[in-house]
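Have a look at the structure below, then the notes.
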Amino acid sequence: MEFLKLPLFASRRSALPFLAALIIFLAFFQAGTAAAVEKVTLQLRWDHQFQFAGYYAALWQGYYRNAGLDVEIRSAITPDQMILKAVQEVASGRADFGIGAADILVARDHGHPLVLVATIFQKSAARFYALEKTRLDSPAALPRLRVARNVNDLIDVELQAMLRAEGIDPGRVTPYPHEPGMAHLLNGRVDVIPGYETSIPYYAWRAGVKVIGLSPSSYGINCYGDSLFTRRALAENRPEMISRFRAASLKGWRYALEHPREIADRITREFTRQDKIDDVRAFNRFQAEKLPGLILYPIVALGHTNPERWKKMHDLLRASGIVKGELDPAEFIYDPEEQERYRQDTVRKTILWVLAVLGLAAAVSLLWILKLSRMIRQRDQALRERKASEERYRALFEYNPIETVVVDQQGRITAFNLTKRASGGGQPAIGQIMYRDYAREHATDMYKELMTTIHTGVSRSFPNTRYHDKYLDIRIAPFSAGAMITSIDMTARRRAEDRLRQAIGAIIRTLSMIVETRDPYTAGHQQRVADLARRIASELKMPLERIEGLRMAAIVHDIGKISVPAEILSKPTSLTALEINFIRLHPQTGYEILKDMDFPWPIADMVRQHHERLDGSGYPQGLKGEEISLEARILMVADVVEAMSSHRPYRPALGLEVALAEIETNRGILYDVEAVKACLHLFREEGYRCE
């Protein structure tokens with residue numbers, strides 16, 4: 001408070017004019033700041049494409065800039081292929097505006113206060129497509145067709161509504177798995193797929209096929225498509241900015257629809273898509289032709305919103321069980337006129353507030369000096385509390401049972417606690433470079449990892465780090481001035497886990513021996529299968545932990561044969577159909593034996609699935625494709641090769657080449673392509689043999 005001793009404040013009376021001038025200056029400064037360019041983020045619902053042309057046009061034509069806005073337009077697909085949801089980005093505050101449709105209603109029902117700013121697509125782009133040869137002339141045809149569905153997603157809700165509108169129970173349309181793209185339609189695995197009018201016809205054209213489609217809007221299901229939305233707090237606190245962004249965006253859409261080729265080609269040049277398309281320019285031009293039929297401009301005014309249509313969309317979602325609450329359109333839909341009235345009312349209140357401040361300035365200045373002494377006392381109290389807080393923190397730091405070291409942004413040690421000083425790892429010294437001058441014997445280049453953590457600002461952990469004869473769990477937590485490094489000695493736990501792993505291995509080997517003592521003709525079969533499966537998994541670069549689980553499962557994959565009579569297992573003649581069916585029970589029996597054992601891996605599931613086949617012709621469950629675990633797909637290949645190349649009581653060995661020919665002929669049909677490829681490489685190029 002030394003400035004109060006200046007001559008300017010020699011008396012209370014002389015201070016009054018200065019304070020009044022200062023308050024007026026701050027009021028005008030605040031008003032001037034509000035008029036500065038505002039940074040705004042718009043989150044798209046997919047990758048950069050003509051679907052969002054109006055926003056690009058508003059940016060490129062300077063409409064946002066003229067409205068005092070600096071707008072960043074973000075793709076929904078990140079460089080690491082993560083897909084951002086616009087409703088989540090806006091609700092969390094990471095974006096100011098987003099593009100959505102029915103998902104806005106779902107997010108509101110989940111507690112996110114979102115409001116609609118403008119409806120852009122007057123019609124939903126959702127369609128249900130089939131190849132031209134398919135008899136899909138009305139919703140009545142759907143129950144007899146194989147329809148790909150993601151039940152209760154936003155497109156599926158329109159399908160359900162269309163069916164109900166035609167008096168058809170949606171439950172009669174059996175859902176088949178839906179995949180991105182249209183490969184499952186082209187190869188005949190399904191007859192009908194959901195999709196959007198802005199993409200599926202283009203993909204079909206590029207594939208050289210013709211498709212037909214059903215549109216829910218043809219059956220009275222009139223859902224809106226892409227719409228602009230924001231947070232309620234933003235609409236309430238910055239209504240004038242919302243109005244400026246809305247007006248500039250609609251102006252951009254008008255320009256884009258009147259100059260489609262120009263904007264489509266510029267989108268192609270300006271942006272690199274994360275969702276790759278073979279001909280981006282053709283795709284954007286295709287969308288440029290389709291969007292007028294969805295936006296309906298100039299027949300319908302850009303941004304027009306019918307509250308009753310949104311109410312009906314909400315009712316459709318509730319009928320499907322996706323939302324539960326009610327929708328108040330007046331609260332949901334942003335009204336610029338109401339916001340303008342709110343803005344004018346705010347201006348009037350601000351003027352009254354400024355006048356009140358000026359009137360109270362004299363009284364405030366008189367009270368100010370009286371409060372100075374109180375402020376000084378409060379400051380002293382705050383300093384004492386801060387000192388006490390620092391002492392509490394230091395006590396927590398010093399006596400923390402976990403070894404802790406604090407470093408600055410260059411990795412120099414600035415502090416370490418008593419636990420670190422008492423540890424057997426040697427004494428660090430203040431000023432030493434961590435992992436360079438001190439503790440540099442780590443197998444991992446921990447100094448490099450430390451610098452990376454400090455520069456990225458992202459916490460990192462390094463479990464089971466080897467340091468001399470110890471295993472350490474090291475965690476690095478960055479903060480503004482450097483990082484805190486904690487180290488927990490995990491050696492005892494690691495050794496206990498090793499002993500447990502050895503015990504599990506002994507149990508597995510014992511179970512394997514039980515099977516092989518009852519079936520001497522297959523003695524060693526499980527061990528050879530386990531070794532081959534391990535080598536295949538290593539070729540496929542599976543994590544070591546999963547490889548170990550696969551090896552354990554392979555060692556006991558025939559444990560279920562203990563329920564098969566020995567005379568069947570060792571029968572020297574061909575087996576009857578009844579005997580074969582009896583033997584085919586062994587995967588399920590093995591599962592029942594193993595399912596309640598608490599292994600670190602899903603061994604019981606691998607054992608049950610090792611006789612399944614990709615096309616569903618296997619047993620006992622008839623699983624297909626990805627329904628079978630990767631471990632089981634590797635195990636089945638190893639089991640077939642070893643069994644066919646080995647002697648059996650009812651037949652001589654068929655030979656290795658016959659076994660390899662079997663998996664090579666049926667790869668992609670019965671056996672996993674990558675597992676077969678790795679197996680053939682081992683035998684034919686690495687010289688591997690089952691021994």
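In the structure tokens, the first chain shown is A, the next is B, and so on; residue numbers restart at 1 for each chain, and ligands run from 1 in the order shown.
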List every residue of region 146-225 of chain A that has an atom at most 9 Å from any atom of region 309-329 of chain A, and for each one report the closest atom pair and its distance in Å to one decimal, counting only C-alpha atoms, with rows sorted by chain and then by increasing residue number, as CSV.
residue,atom,partner,partner_atom,distance
A:Asn152,CA,A:Ser320,CA,6.8
A:Asp153,CA,A:Ile322,CA,8.7
A:Leu154,CA,A:Leu317,CA,8.5
A:Val157,CA,A:Leu317,CA,6.6
A:Glu158,CA,A:Leu316,CA,7.8
A:Gln160,CA,A:Ser320,CA,7.7
A:Ala161,CA,A:Leu316,CA,6.6
A:Ile221,CA,A:Met313,CA,8.7
A:Asn222,CA,A:Arg309,CA,7.3
A:Cys223,CA,A:Met313,CA,6.1
A:Tyr224,CA,A:Trp310,CA,7.5
Now that the selection is made, can you save its residues with C-alpha atoms as a PDB file, in the first residue's frame?
ATOM      1  CA  ASN A 152     -31.489 -47.809 -31.049  1.00  0.00           C
ATOM      2  CA  ASP A 153     -28.828 -45.662 -32.697  1.00  0.00           C
ATOM      3  CA  LEU A 154     -30.055 -42.440 -34.325  1.00  0.00           C
ATOM      4  CA  VAL A 157     -34.786 -44.845 -34.414  1.00  0.00           C
ATOM      5  CA  GLU A 158     -36.019 -43.547 -37.788  1.00  0.00           C
ATOM      6  CA  GLN A 160     -38.381 -48.113 -36.004  1.00  0.00           C
ATOM      7  CA  ALA A 161     -40.624 -45.063 -36.465  1.00  0.00           C
ATOM      8  CA  ILE A 221     -41.133 -39.557 -40.460  1.00  0.00           C
ATOM      9  CA  ASN A 222     -39.929 -35.970 -40.905  1.00  0.00           C
ATOM     10  CA  CYS A 223     -36.796 -35.673 -38.785  1.00  0.00           C
ATOM     11  CA  TYR A 224     -34.420 -32.748 -39.034  1.00  0.00           C
TER      12      TYR A 224
END
* Pull the strand (DSSP E) assignments for region 83-124 of chain A out of DSSP run on the backbone, and list those residues as number ranges by chain. => A: 97-100, 114-119
* To do: Tell me, as a ChimeraX atom specification, which residues lie within 12 Å of Tyr688 (chain A), counting only C-alpha atoms; anything in the same chain fewer than 4 positions away does not count.
  => /A:528,531-532,535-536,656,678-684
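The two atoms in question, CA of Val209 (chain A) and CA of Lys133 (chain A), are spaced 10.3 Å apart.
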* **Residue among A:Arg273, A:Arg146, A:Arg266, A:Arg475 lying closest to Arg74 (chain A), counting only C-alpha atoms** => A:Arg273
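Here CA of Asp672 (chain A) stands at a distance of 11.1 Å from CA of Glu612 (chain A).
When the distance limit is 9 Å and only C-alpha atoms are what count, the residues near Val173 (chain A), minus those fewer than 4 positions from it on the same chain, are Leu142, Pro143, Arg144, Leu145, Arg146, Val147 and Asp169 of chain A.
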